[in-house]
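First the structure, in the form of structure tokens, and then the observations on it.
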Amino acid sequence: MTDPQDLVDKVLSELPAQLPDRRWFGGKDRPVTSVRAVRTTVLHDDPVLVHVVVEVVQPGRSAPYQLLVTDRVDDYDATGDAELTGLLLDLIADGAEVDGLVFAREPDVEVQKGLRGRPVGAEQSNTSLVFGSQHILKLFRKLTTGENPDLVLHRALARVGCEHIARPQGSITGELDGRTTTIGMLQQFQPDAVEGWAMATTSVRDLMTERDLHADEVGGDFAGEAQRLGHAVATVHADLERALGGQLADDDDIERTVRAMRARLDEVAEVVPALLPYAPALREAFDAARETEGGIAIQHIHGDLHLGQVLRTVHGWLLIDFEGEPGAPMAERTSLRSPLRDVAGMLRSFDYAAHQLLVGRPEDHQLAVRALEWARRNRAAFTEGYAEAASEAVGDPRRRGYLLRAFELDKAVYEVSYEYANRPEWLTVPLSSIARITGEGA
């Protein structure tokens, strides 16, 4: 039998070279200087299963990540071992505690033991394991000290009976920097669910195939689903306000928001010269957000909403992954913000879905027209659905045109930075959106 500490030492010696190839590692932009174990917990002796929290040190920063290691696979990553990951579910079902790691069920939830876990292949920043057709366990790879907002907001929404989430079923917590920290979250699995991005891009593909037809004439028209999705997002916002409260932004809140938008613009424009021609119009749009009439409601929101963060089931739309923007500081991710940020994020996602088939292809005017038509039709349907279910405090987003426009442009500036660094061929998508939005006005 392998000695667990020997196994951990071997893994640590190889991690600096291996981490850049791991999908969930968020530090691929800098070399790994060193990796050290912060906490090691032996969950099983034979076969060996060890939970390890490591500190990954890179030039100018360090961050904690969690690993599940075993000697039964070549890369030591136990998340691909169906038998071993099943032990995690059993520990949650039993409400066990192992050397400070606490495995707990949510109140009035039954967790079935003896199921094997299989990893979800599409995920990147975290690792999720599906058990049968009942449970899905998300392991937060990059750990954030304290309670993860994904668990906090899911619990709050479950308390008020929100119909547009997968019910939380359990959690794994441990201590990090002296604070109880979320390691994993167990939820009800939705075996029939289809990702919103897949549905939307299939609709676009149908339209491109029938290029002589308009978006409302194609069998795969998505507008009805977009409207239902808007209704679901507004309902979740209203439920979050009901569960956790909200308030009106004061002048200082608004000024900080505008300054943050302008600062992001200045930072990105320094790196991406193609953004410079739009900088004056962007600053004008951000400044106009100060002139929004009436109180601006702020509350807890999703924080990173797009078509990849929603699932369509036979019963309706579900929102998933309430962590917020992974690269943002935790203070920002847990702060009260305008729900219109989520609306703007989804509007940007409709633009991406509409234009993704055109990336890297020769210019085709007719297809470009069809893509823009699809985006406008579904953006309008989404905002219509949102207005139908919006809380009184938030109201119809279309009546907050300058503010919504500023949020959408700020998101597009972030996209310019991301695409420039990661997918240069996609840079035309946010840049063309910025040109169009600043040219059209609110």
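Identifiers in this document derive from the order of the structure tokens: chains are assigned A, B, ..., residues are numbered from 1 separately in each chain, and ligands are numbered from 1 in order of occurrence.
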List as a Markdown table every residue of segment 341-415 of chain A that is in contact with segment 287-309 of chain A, defined as an atom at most 7 Å from one of its atoms (using only C-alpha atoms), together with the nearest atom pair and the distance in Å rounded to one decimal, sorted by chain and then rising number.
| residue | atom | partner | partner_atom | distance |
| --- | --- | --- | --- | --- |
| A:Asp342 | CA | A:Leu305 | CA | 5.4 |
| A:Gly345 | CA | A:Leu305 | CA | 5.5 |
| A:Met346 | CA | A:His306 | CA | 4.7 |
| A:Ser349 | CA | A:His306 | CA | 5.3 |
| A:Ala393 | CA | A:Ala297 | CA | 5.9 |
| A:Val394 | CA | A:Ala297 | CA | 5.8 |
| A:Arg400 | CA | A:Thr292 | CA | 6.9 |
| A:Tyr402 | CA | A:Ala289 | CA | 5.5 |
| A:Leu403 | CA | A:Ala289 | CA | 4.8 |
| A:Ala406 | CA | A:Ala289 | CA | 6.3 |
Store the residues picked out above in a file with C-alpha atoms, as a short mmCIF file (atom, residue, chain, number, x, y, z; two decimals), in the first residue's frame.
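Everything below was put into result18.cif:
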data_model
loop_
_atom_site.label_atom_id
_atom_site.label_comp_id
_atom_site.auth_asym_id
_atom_site.auth_seq_id
_atom_site.Cartn_x
_atom_site.Cartn_y
_atom_site.Cartn_z
CA ASP A 342 -26.89 40.45 -15.11
CA GLY A 345 -24.32 40.09 -19.36
CA MET A 346 -27.09 38.09 -21.00
CA SER A 349 -24.19 36.59 -24.62
CA ALA A 393 -37.65 48.03 -7.18
CA VAL A 394 -35.88 47.06 -10.43
CA ARG A 400 -33.05 52.46 -17.59
CA TYR A 402 -28.44 54.81 -20.17
CA LEU A 403 -27.55 52.61 -17.22
CA ALA A 406 -23.22 51.56 -19.72
#
Give me the segment 344-420 of chain A side of the contact with segment 200-213 of chain A, cut-off 9 Å, one line per residue showing its nearest atom pair and distance in Å at one decimal, counting only C-alpha atoms, sorted by chain and residue number, as a Markdown table.
| residue | atom | partner | partner_atom | distance |
| --- | --- | --- | --- | --- |
| A:Phe350 | CA | A:Ala200 | CA | 7.9 |
| A:Ala353 | CA | A:Thr201 | CA | 5.5 |
| A:Ala354 | CA | A:Val204 | CA | 6.0 |
| A:His355 | CA | A:Val204 | CA | 8.5 |
| A:Gln356 | CA | A:Thr201 | CA | 8.0 |
| A:Leu357 | CA | A:Arg205 | CA | 7.5 |
| A:Gln366 | CA | A:Arg211 | CA | 7.4 |
| A:Leu367 | CA | A:Met208 | CA | 6.5 |
| A:Arg370 | CA | A:Arg211 | CA | 7.3 |
| A:Ala371 | CA | A:Val204 | CA | 7.4 |
| A:Trp374 | CA | A:Val204 | CA | 7.2 |
For the residues selected in the previous step, produce a file with N, CA and C atoms as a PDB file, in the first residue's frame.
ATOM      1  N   PHE A 350     -26.147  37.009 -26.030  1.00  0.00           N
ATOM      2  CA  PHE A 350     -26.927  36.871 -27.264  1.00  0.00           C
ATOM      3  C   PHE A 350     -26.123  37.360 -28.466  1.00  0.00           C
ATOM      4  N   ALA A 353     -23.607  34.586 -29.258  1.00  0.00           N
ATOM      5  CA  ALA A 353     -24.255  33.434 -29.893  1.00  0.00           C
ATOM      6  C   ALA A 353     -24.569  33.725 -31.353  1.00  0.00           C
ATOM      7  N   ALA A 354     -25.002  34.950 -31.624  1.00  0.00           N
ATOM      8  CA  ALA A 354     -25.382  35.313 -32.982  1.00  0.00           C
ATOM      9  C   ALA A 354     -24.198  35.335 -33.933  1.00  0.00           C
ATOM     10  N   HIS A 355     -23.034  35.744 -33.432  1.00  0.00           N
ATOM     11  CA  HIS A 355     -21.898  35.979 -34.321  1.00  0.00           C
ATOM     12  C   HIS A 355     -20.835  34.881 -34.269  1.00  0.00           C
ATOM     13  N   GLN A 356     -20.999  33.882 -33.410  1.00  0.00           N
ATOM     14  CA  GLN A 356     -19.913  32.917 -33.245  1.00  0.00           C
ATOM     15  C   GLN A 356     -19.653  32.101 -34.507  1.00  0.00           C
ATOM     16  N   LEU A 357     -20.676  31.864 -35.330  1.00  0.00           N
ATOM     17  CA  LEU A 357     -20.460  31.088 -36.546  1.00  0.00           C
ATOM     18  C   LEU A 357     -19.740  31.892 -37.629  1.00  0.00           C
ATOM     19  N   GLN A 366     -24.772  39.025 -46.117  1.00  0.00           N
ATOM     20  CA  GLN A 366     -26.109  38.516 -45.804  1.00  0.00           C
ATOM     21  C   GLN A 366     -26.128  37.763 -44.469  1.00  0.00           C
ATOM     22  N   LEU A 367     -25.095  36.963 -44.231  1.00  0.00           N
ATOM     23  CA  LEU A 367     -25.042  36.256 -42.953  1.00  0.00           C
ATOM     24  C   LEU A 367     -24.840  37.227 -41.790  1.00  0.00           C
ATOM     25  N   ARG A 370     -28.191  38.642 -41.030  1.00  0.00           N
ATOM     26  CA  ARG A 370     -29.024  37.657 -40.338  1.00  0.00           C
ATOM     27  C   ARG A 370     -28.584  37.514 -38.873  1.00  0.00           C
ATOM     28  N   ALA A 371     -27.278  37.521 -38.624  1.00  0.00           N
ATOM     29  CA  ALA A 371     -26.789  37.402 -37.251  1.00  0.00           C
ATOM     30  C   ALA A 371     -27.259  38.580 -36.407  1.00  0.00           C
ATOM     31  N   TRP A 374     -30.934  38.198 -35.685  1.00  0.00           N
ATOM     32  CA  TRP A 374     -31.178  37.204 -34.634  1.00  0.00           C
ATOM     33  C   TRP A 374     -30.887  37.805 -33.263  1.00  0.00           C
TER      34      TRP A 374
END
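The residue that comes closest to Val35 of chain A, out of A:Arg23, A:His51, A:Arg283, A:Lys10 and on the basis of only C-alpha atoms, is A:Lys10.
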To one decimal in Å, tell me the separation between atom CA of Ala285 of chain A and atom CA of Gly327 of chain A.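 Atom CA of Gly327 of chain A lies at a distance of 24.6 Å from atom CA of Ala285 of chain A.
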Give me the residues within 7 Å of Gln187 of chain A as a list in words, counting only C-alpha atoms and dropping any in the same chain fewer than 6 places off.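 Counting only the stated atoms, we get His135, Ile136, Leu137, Ala166, Arg167, Pro168, Gln169 and Gly170 of chain A.
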